[in-house]
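Inspection log for the structure reproduced underneath, given as structure tokens.
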Amino acid sequence: MMDAGRHPRIKLLTYSEIEEISGFVGNFHVKVRQKARYVLAGDCTACGECEKVCPIVVPDEYQQGFSSRRAIYIPFPQAVPSAYILDSRNCLGNNPLACGKCLEACDKKCIDYDMRDEMLEFNVGTVIVATGMDVYDPSEYDEYGYRSFQNVITSMEFERLICAGGPTGGHFVRPTDRKSPKSVAFIQCVGSRSTNGRGNPYCSNICCMNTVKDTLLLHDHYPDVQCKVFYLDIRAFGKGFEDLYRRSKEAGVQYIRGLPGEVTEHPETGNLVLTVENTLAGRIERHEAEMVVLSVGVIPRQDSEVVHKLLTLSRTSDGFFLEAHPKLKPVDAPTQGVYFAGCAESPKDIKDSVTQAGAAAARASILLNAGKVRIEAITSSLDEELCNFCNRCARVCPFHAITFGDKKLALYPRIIEAACMGCGTCSAECPTDTISMRHFSDAQITAQIDALLASNPQEKILTFACNWCSYAGGDNAGISRLQYPPSVRLIRTMCSGRVDEDFILHGFKLGAPIILISGCHFADCHYINAVTWTQQRVEKLWTKLDKLGIRPERLQLEWISAAEGAKFARVMRELEELRKQVTKEEIAETVKVLARDTKPKITRKQVDAVVEL
Amino acid sequence: MLRTNGKIPTQLTNPRIGVFVCDCGLNIAGVVDTAAVAEDAARLPDVVTVVRNRYTCAEPGQNEIKKAIVAHDLNRVVVASCTPKIHEPTFRKCVAEAGLNAYLVEMANIREHCSWVHQYDKESATLKAMDLVRSAVHRSRLLEPQEEAVFPVESAALVIGGGVAGIQTALDLADGGHPVYLVEKEPSIGGIMAALDKTYPTMDCSI
């Protein structure tokens with residue numbers, strides 16, 4: 001921690017929050033709000049005089065509320081930066097009549113009640129998301145009595161009670177009578193591996209070994225204390241873990257297979273009685289303990305929404321951030337130039353966090369050392385001859401990469417290539433086919449539609465899937481071997497916003513019974529808000545189809561994320577049922593109607609391009 | 001963008017397509033009849049050669065592509081294998097090494113989107129794989145060489161979160177010579193780690 005604080009190349013911004021991140025790989029622009037701490041951190045010597053005179057007493061969060069702190073405080077003795085902070089929610093304020101005691105006590109004059117939040121802006125080439133985890137709150141497990149019985153604590157609270165720097169100076173005592181317990185029971189998997197709707201279904205990875213560690217610590221401090229661990233499975237898979245587990249058993253810790261169904265408190269002694277089905281012995285047992293420690297799980301960081309949105313990240317079904325590939329790119333985010341370290345991506349212990357941090361630093365260094373980045377050649381281009389100055393392209397561009405044109409000045413809309421991310425929304429929205437996408441041209445996509453529907457179109461579900469979410473969701477279904485009907489024929493576009501009305505009508509004209517457009521969930525869209533244009537376009541198309549006498553249900557719209565392989569497979573099964581309801585006669589009627597009512601699919605220019613080849 | 005071996009550039013003129021169908025061991029060939037897919041591909045317009053590989057992404061497989069580009073004067077390459085999310089960069093690099101523009105390669109995903117999800121309907125999976133290859137071939141005929149834009153990279157890094165992972169990343173990057181902004185929401189760095197007493201498996205202090 002101290003190394004990070006004094007490293008000449010690390011600019012430490014504590015008590016700060018990300019306000020905005022824009023730009024792209026290699027060129028991110030960042031805005032950070034450094035909140036006012038009302039103490040000049042650079043000048044504060046952490047002498048502690050201010051704290052002595054502060055009249056306000058509040059629970060100390062760092063000590064899990066077991067002790068108290070003042071309104072002006074240092075989070076913990078080894079804090080970096082080593083500086084006090086004034087908690088403005090609890091401080092009596094800058095009214096000298098009300099208080100102002102700390103201001104008087106500070107010799108260095110580093111307290112400033114008028115300090116304001118500061119906005120900092122800078123550019124970076126890469127972003128590492130290390131937003132961490134939160135700890136599961138076991139209150140909903142009524143049967144364990146965490147909210148009712150003082151002597152039931154969590155594993156995080158245990159850490160403070162056993163720590164020499166904790167509220168008891170490392171004397172492990174129980175809350176009711178402040179005596180060292182003679183027996184301690186640990187209950188595993190609280191909030192983890194749960195299938196009954198409470199807590200989370202995943203394994204939190206760290207709790208088994210944390211409990212093994214806790215029992216050894218207790219045994220070291222108090223050799224006579226009797227420890228019992230109630231567990232489902234002990235997962236001691238890491239290097240040196242099995243040794244530690246064995247040591248714990250040799251120290252006399254009892255491991256009992258089965259999670260208690262109930263914990264009750266003896267009203268006089270404050271002792272706890274655990275009723276448990278011992279699944280190895282095959283009987284119901286009752287165990288008494290003076291203290292119970294709930295080994296609580298790890299949950300996704302609850303306040304990482306801002307980062308999630310700004311960096312267009314996705315989450316797996318467990319709520320942790322989704323990596324670019326579970327095996328081959330475990331520290332890369334799907335957004336280029338963004339990497340994960342630590343529990344932001346999944347629950348992990350310190351060793352794994354440090355390992356992943358090293359990997360993230362190495363991955364980021366590749367980019368930083370290269371000093372330049374190649375951007376995929378998928379940007380848009382504009383053919384001025386066809387432009388009618390409607391400026392729709394400039395209006396819909398999520399990145400403001402197209403400047404507005406002006407007919408009177410003969411000023412055409414202009415594409416700023418460096419800002420274009422290649423979503424293709426402009427191209428799909430352009431009424432005159434003025435804008436074409438490099439590598440995802442109308443002609444190329446139409447050729448795919450033609451090829452996929454060339455034979456037996458009535459048996460096929462034509463699907464357009466965005467590169468980032470839905471296509472990857474299909475990949476996820478594959479990796480998970482989730483089976484679905486083989487009728488799907490999928491075309492990849494960078495964004496669902498690329499899917500032109502013409503593609504859909506062309507598909508129906510060729511006899512497609514069902515067409516699906518699938519994109520990212522709104523919060524996940526890699527092109528900020530391009531999916532909103534997808535939705536508007538599809539809604540318009542539904543109306544149009546209805547007017548033409550084509551059932552709008554035949555055009556489906558779904559949001560499927562990269563983690564939702566199961567949803568992808570389910571949607572495909574549902575669409576297959578829909579497809580079976582579309583009769584040959586209905587398709588023939590559609591083809592007839594469209595042949596009469598719609599413009600030719602390929603523009604003159606594209607036809608020329610094909611002829612040229 | 002143009003071929004570098006001194007021959008007349010042919011990329012913009014008549015497409016000459018090579019199709020490479022991957023067995024991926026049994027991952028694809030265990031379900032999809034790759035021989036039938038290859039046969040079908042050979043009948044498609046502008047396809048001049050079709051090669052089946054056990055593992056197209058492996059070096060022998062890539063060498064086959066490079067050899068075929070030269071031997072058949074290919075100007076388009078279609079690889080029917082896995083998701084482009086994994087190996088599109090691999091094959092783009094491969095064709096570029098053989099002198100072809102990287103954007104003249106197209107992939108048909110007959111593994112994640114086909115063999116792995118239709119494991120119990122081999123016949124339909126094979127028909128679907130044929131369709132996916134047809135789609136890729138028809139698209140490839142219209143592919144054009146592209147030039148990638150190159151942008152400079154800012155030298156600094158942003159690390160969001162000052163727990164053990166953020167601290168370690170920041171230190172590694174900074175030690176590597178890069179300026180780092182380490183942003184932490186709380187008044188001190190340290191995160192959850194700082195609230196722990198001892199840590200396993202070494203049983204030493206967390207801070």
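All residue names refer to the structure tokens as shown: chains lettered A, B, ... in order, residues numbered from 1 in each chain, ligands numbered from 1 in order.
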Report task. Determine which residues of chain A sit within 6 Å of chain B, taking into account only C-alpha atoms, and present them as a ChimeraX atom specification. Result -> /A:9-17,26-27,79-80,124-131,159,163,341-342,353-354,357-358,361,368,371-377,444,447-448,451-452,475,478,481-483,613
Report task. Report the distance between atom CA of Val48 of chain B and atom CA of Ser455 of chain A in Å, rounded to one decimal place. Result -> 22.7 Å
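Of the listed residues A:Pro398, A:Gly48, A:Gly297, A:Gly282, the one whose atoms come nearest to Ser155 of chain A is A:Gly297, with distances taken using only C-alpha atoms.
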For Val19 of chain B, work out the shell of residues within 6 Å, counting only C-alpha atoms and skipping chain neighbours fewer than 5 positions away, then give it as a tab-separated table (two decimals) with C-alpha atoms, in the first residue's frame.
```
chain	number	residue	atom	x	y	z
B	50	VAL	CA	-11.24	-26.57	-51.01
B	78	VAL	CA	-12.99	-18.62	-46.34
B	79	VAL	CA	-12.30	-20.56	-43.17
```
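For Thr34 of chain B, the set of protein, DNA and RNA residues having any atom at most 8 Å away, when counting only C-alpha atoms and skipping those fewer than 5 positions along the same chain, is Val21, Cys22, Asp23, Ile28, Ala29, Arg52 and Thr126 of chain B.
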Got time to write the residues from that selection, C-alpha atoms, as a PDB file, in the first residue's frame?
```
ATOM      1  CA  VAL B  21     -13.023 -26.601 -43.761  1.00  0.00           C
ATOM      2  CA  CYS B  22     -11.836 -27.429 -40.269  1.00  0.00           C
ATOM      3  CA  ASP B  23     -12.586 -30.704 -38.471  1.00  0.00           C
ATOM      4  CA  ILE B  28     -16.819 -30.203 -35.646  1.00  0.00           C
ATOM      5  CA  ALA B  29     -16.242 -33.450 -37.530  1.00  0.00           C
ATOM      6  CA  ARG B  52     -10.080 -30.004 -45.205  1.00  0.00           C
ATOM      7  CA  THR B 126     -24.359 -30.635 -41.872  1.00  0.00           C
TER       8      THR B 126
END
```
Query raised in the report: If you run DSSP on this backbone, which residues of segment 305-422 of chain A come out as helix (DSSP H, G or I), and could you give them as a ChimeraX atom specification?
Result: /A:305-310,342-344,350-370,384-386,392-396
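Atom CA of Arg579 of chain A is found 24.8 Å from atom CA of Ser480 of chain A.
When the distance limit is 8 Å and only C-alpha atoms are what count, the residues near Tyr38 of chain A, minus those fewer than 6 positions from it on the same chain, are Ile85, Leu86, Ile111, Asp112, Tyr113, Asp114 and Met115 of chain A.
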Please produce an output containing N, CA and C atoms for each residue in the selection, written as a PDB file, in the first residue's frame.
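Saved result, part_38.pdb, follows:
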```
ATOM      1  N   ILE A  85      -9.674  12.770   7.546  1.00  0.00           N
ATOM      2  CA  ILE A  85     -10.759  13.173   6.661  1.00  0.00           C
ATOM      3  C   ILE A  85     -11.916  13.586   7.535  1.00  0.00           C
ATOM      4  N   LEU A  86     -12.655  14.590   7.067  1.00  0.00           N
ATOM      5  CA  LEU A  86     -13.785  15.064   7.845  1.00  0.00           C
ATOM      6  C   LEU A  86     -15.059  14.514   7.200  1.00  0.00           C
ATOM      7  N   ILE A 111      -7.041  22.059   8.013  1.00  0.00           N
ATOM      8  CA  ILE A 111      -8.483  21.802   7.908  1.00  0.00           C
ATOM      9  C   ILE A 111      -9.144  22.978   7.209  1.00  0.00           C
ATOM     10  N   ASP A 112      -9.951  22.664   6.211  1.00  0.00           N
ATOM     11  CA  ASP A 112     -10.586  23.711   5.405  1.00  0.00           C
ATOM     12  C   ASP A 112     -12.050  23.344   5.203  1.00  0.00           C
ATOM     13  N   TYR A 113     -12.928  24.019   5.952  1.00  0.00           N
ATOM     14  CA  TYR A 113     -14.357  23.707   5.860  1.00  0.00           C
ATOM     15  C   TYR A 113     -14.950  24.107   4.515  1.00  0.00           C
ATOM     16  N   ASP A 114     -14.258  24.968   3.807  1.00  0.00           N
ATOM     17  CA  ASP A 114     -14.819  25.470   2.536  1.00  0.00           C
ATOM     18  C   ASP A 114     -14.334  24.679   1.322  1.00  0.00           C
ATOM     19  N   MET A 115     -13.615  23.627   1.583  1.00  0.00           N
ATOM     20  CA  MET A 115     -13.099  22.837   0.461  1.00  0.00           C
ATOM     21  C   MET A 115     -14.253  22.341  -0.415  1.00  0.00           C
TER      22      MET A 115
END
```
Query raised in the report: Where in segment 300-505 of chain A does DSSP assign strand (DSSP E or B), given as a ChimeraX atom specification?
Result: /A:300,315,321,325,329,332,338-340,372-375,380-382,402-403,406,411,414-415,435-437,461-466,488-493
